[in-house]
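In what follows, a structure is listed as structure tokens, so that the remarks can point back to it.
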Amino acid sequence: MSDQLLWFTTRGAGIVSLILLTAVVCLGITTAIRWQSSEWPRFLTAQLHRNIALLSVAFVAVHVVTSVIDPFTSLGWAAALIPFSSYYRTIWLGLGVISMELTLAVIVTSLLRDRIGRRVWRTVHWLSYAAWPLGVVHGFGTGSDATAVWMLAIQGGCVLAVGLCVIWRLETDRSARRRAEIDARGDVVPWV
Amino acid sequence: MAHVITIDRIRCDGYGMCAELLPEMIELDDWGYPILRAGPIPHQLVSHARRAVDVCPVLALRLRTAVPANARS
Ligand code: SF4
């Protein structure tokens with residue numbers, strides 16, 4: 001029974017991590033776009049982005065620890081820390097390990113943001129765009145529930161959410177660039 | 001010890017979050033860039049100021065402890 005408990009915990013924590021990290025990515029993009037409304041100030045987006053990211057650390061940690069100590073898989077710590085070192089589902093687990101390590105880098109540099117300076121922080125932060133999809137592929141490839149209808153719905157929802165946010169960001173950046181170009185040409189007087 | 005907020009105008013991108021968190025000290029101009037009210041931050045606002053500094057996505061704000069003017073040589 002306790003073995004099974006660990007196994008269910010691993011799966012549950014993995015799914016919660018996916019949902020939380022999807023929210024983190026969407027909130028991060030929303031922060032970058034500077035979206036706001038009268039009911040939703042921008043600091044709310046930024047603080048949620050940070051706090052959910054910190055919360056997700058706990059779930060990822062539970063996900064990893066319970067899968068390592070589960071005697072059924074007997075993965076060992078190396079498999080959880082060194083990409084592609086696992087005998088068990090080498091590729092899929094390896095992608096998960098890379099995703100976790102990139103996410104960790106993003107979070108640690110964010111916590112040290114004041115000290116390492118903005119440029120390094122920002123550069124590392126772009127890794128999120130690699131970490132998130134790797135995590136999704138890891139879950140889809142090796143998740144025990146990956147092909148269950150409800151899990152397909154969750155995964156589909158997450159991919160759709162991030163996809164829409166990315167499109168939204170690209171569109172916003174493009175129109176900002178166009179506006180800057182018009183301003184720079186100076187043939188339109190934007191204000192008098 | 002009095003606290004003051006300083007702003008790095010070159011870094012500031014007009015995200016405007018600081019003004020949401022510290023409206024007592026920071027206003028936004030028509031383009032969304034912050035205008036700081038002069039003078040030290042009242043004691044009861046220091047924790048809010050800290051949060052405003054923290055939330056700025058481009059690290060343009062700093063909270064400094066100011067030496068009172070009359071103590072400077
Ligand atoms: S939060 Fe930072 S970038 Fe935004 S207006 Fe204030 S100082 Fe400028």
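In the structure tokens, each chain is lettered A, B, ... as it comes, each chain's residues begin at 1, and ligands are numbered from 1 in order of appearance.
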Please find the residues contacting ligand 1 at a distance of at most 8 Å between atoms, with only C-alpha atoms and all ligand atoms counted, and report them as a list in words.
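Counting only C-alpha atoms and all ligand atoms, the residues within 8 Å of ligand 1 come out as Ile7, Asp8, Arg9, Arg11, Cys12, Asp13, Gly14, Tyr15, Gly16, Met17, Cys18, Ala19, Leu28, Gly32, Tyr33, Pro34, Ala52, Val53, Val55, Cys56, Pro57, Val58, Leu59, Ala60 and Leu61 of chain B.
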What are the closest atom pairs, with distances in Å to one decimal, for all residues of chain A lying within 9 Å of chain B? Consider only C-alpha atoms, order rows by chain and residue number, and present the result as JSON lines.
{"residue": "A:Thr31", "atom": "CA", "partner": "B:Pro57", "partner_atom": "CA", "distance": 8.3}
{"residue": "A:Ala32", "atom": "CA", "partner": "B:Pro57", "partner_atom": "CA", "distance": 8.4}
{"residue": "A:Arg34", "atom": "CA", "partner": "B:Tyr15", "partner_atom": "CA", "distance": 6.4}
{"residue": "A:Pro41", "atom": "CA", "partner": "B:Glu20", "partner_atom": "CA", "distance": 7.1}
{"residue": "A:Arg42", "atom": "CA", "partner": "B:Met17", "partner_atom": "CA", "distance": 5.8}
{"residue": "A:Phe43", "atom": "CA", "partner": "B:Met17", "partner_atom": "CA", "distance": 5.3}
{"residue": "A:Leu44", "atom": "CA", "partner": "B:Met17", "partner_atom": "CA", "distance": 9.0}
{"residue": "A:Ala46", "atom": "CA", "partner": "B:Val55", "partner_atom": "CA", "distance": 6.8}
{"residue": "A:Gln47", "atom": "CA", "partner": "B:Val55", "partner_atom": "CA", "distance": 7.3}
{"residue": "A:Arg113", "atom": "CA", "partner": "B:Leu59", "partner_atom": "CA", "distance": 8.4}
{"residue": "A:Asp114", "atom": "CA", "partner": "B:Leu59", "partner_atom": "CA", "distance": 7.5}
{"residue": "A:Gly117", "atom": "CA", "partner": "B:Leu59", "partner_atom": "CA", "distance": 8.5}
{"residue": "A:Arg118", "atom": "CA", "partner": "B:Val58", "partner_atom": "CA", "distance": 6.8}
Using backbone DSSP assignments, extract all helix (DSSP H, G or I) residues from stretch 100-164 of chain A; output them as JSON, numbers by chain.
{"A": [100, 101, 102, 103, 104, 105, 106, 107, 108, 109, 110, 111, 113, 114, 115, 116, 118, 119, 120, 121, 122, 123, 124, 125, 128, 129, 130, 131, 132, 133, 134, 135, 136, 137, 138, 139, 140, 141, 142, 149, 150, 151, 152, 153, 154, 155, 156, 157, 158, 159, 160, 161, 162, 163, 164]}
Identify, with DSSP run on backbone atoms, the residues in chain B assigned to strand (DSSP E), and express the list as a ChimeraX atom specification.
/B:2-7,26-28,34-36,61-66
Which residues, written as a VMD selection string, have at least one atom at most 9 Å from stretch 12-23 of chain A, with only C-alpha atoms counted and residues fewer than 2 positions away on the same chain left out?
chain A and resid 7 to 10 25 to 28 49 52 to 53 55 to 64 132 135 to 136 139 143 151 154 to 155 158 to 159 161 to 162
Could the residues in this selection be written to a file with C-alpha atoms, as a PDB file, in the first residue's frame?
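The resulting file, again_12.pdb, is shown below:
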ATOM      1  CA  TRP A   7       3.489   6.156  -6.805  1.00  0.00           C
ATOM      2  CA  PHE A   8       0.216   8.074  -6.688  1.00  0.00           C
ATOM      3  CA  THR A   9       1.965  10.982  -4.993  1.00  0.00           C
ATOM      4  CA  THR A  10       4.544  11.106  -7.769  1.00  0.00           C
ATOM      5  CA  VAL A  25       4.678  30.902 -17.748  1.00  0.00           C
ATOM      6  CA  CYS A  26       1.382  32.568 -18.658  1.00  0.00           C
ATOM      7  CA  LEU A  27       1.689  35.064 -15.807  1.00  0.00           C
ATOM      8  CA  GLY A  28       5.290  35.776 -16.784  1.00  0.00           C
ATOM      9  CA  HIS A  49       4.039  34.904 -11.137  1.00  0.00           C
ATOM     10  CA  ILE A  52       3.244  30.372  -7.859  1.00  0.00           C
ATOM     11  CA  ALA A  53       6.774  29.761  -9.148  1.00  0.00           C
ATOM     12  CA  LEU A  55       5.027  27.073  -4.796  1.00  0.00           C
ATOM     13  CA  SER A  56       5.794  24.908  -7.807  1.00  0.00           C
ATOM     14  CA  VAL A  57       9.256  24.206  -6.389  1.00  0.00           C
ATOM     15  CA  ALA A  58       7.597  22.289  -3.577  1.00  0.00           C
ATOM     16  CA  PHE A  59       5.532  20.177  -5.960  1.00  0.00           C
ATOM     17  CA  VAL A  60       8.433  19.444  -8.271  1.00  0.00           C
ATOM     18  CA  ALA A  61      10.493  18.456  -5.242  1.00  0.00           C
ATOM     19  CA  VAL A  62       7.771  16.067  -4.064  1.00  0.00           C
ATOM     20  CA  HIS A  63       7.446  14.697  -7.593  1.00  0.00           C
ATOM     21  CA  VAL A  64      11.165  13.956  -7.831  1.00  0.00           C
ATOM     22  CA  TRP A 132       8.365  24.371 -19.931  1.00  0.00           C
ATOM     23  CA  GLY A 135       8.468  19.329 -18.940  1.00  0.00           C
ATOM     24  CA  VAL A 136       5.365  18.881 -21.066  1.00  0.00           C
ATOM     25  CA  GLY A 139       4.933  14.199 -18.898  1.00  0.00           C
ATOM     26  CA  GLY A 143       3.275   9.994 -17.465  1.00  0.00           C
ATOM     27  CA  MET A 151      -5.099  14.064 -18.578  1.00  0.00           C
ATOM     28  CA  ILE A 154      -5.234  18.997 -18.889  1.00  0.00           C
ATOM     29  CA  GLN A 155      -2.231  18.770 -21.197  1.00  0.00           C
ATOM     30  CA  CYS A 158      -1.852  23.833 -20.759  1.00  0.00           C
ATOM     31  CA  VAL A 159      -0.381  23.792 -24.260  1.00  0.00           C
ATOM     32  CA  ALA A 161      -2.804  28.449 -22.716  1.00  0.00           C
ATOM     33  CA  VAL A 162       0.924  28.906 -23.256  1.00  0.00           C
TER      34      VAL A 162
END
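Taking atom CA of A:Leu48 and atom CA of A:Gln36 as endpoints, the distance between them is 13.6 Å.
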Mind checking which residues fall within 10 Å of A:Thr73, counting only C-alpha atoms, ignoring those fewer than 3 positions away in the same chain, and posting them as a PyMOL selection string?
chain A and resi 3+7+67-70+76+88
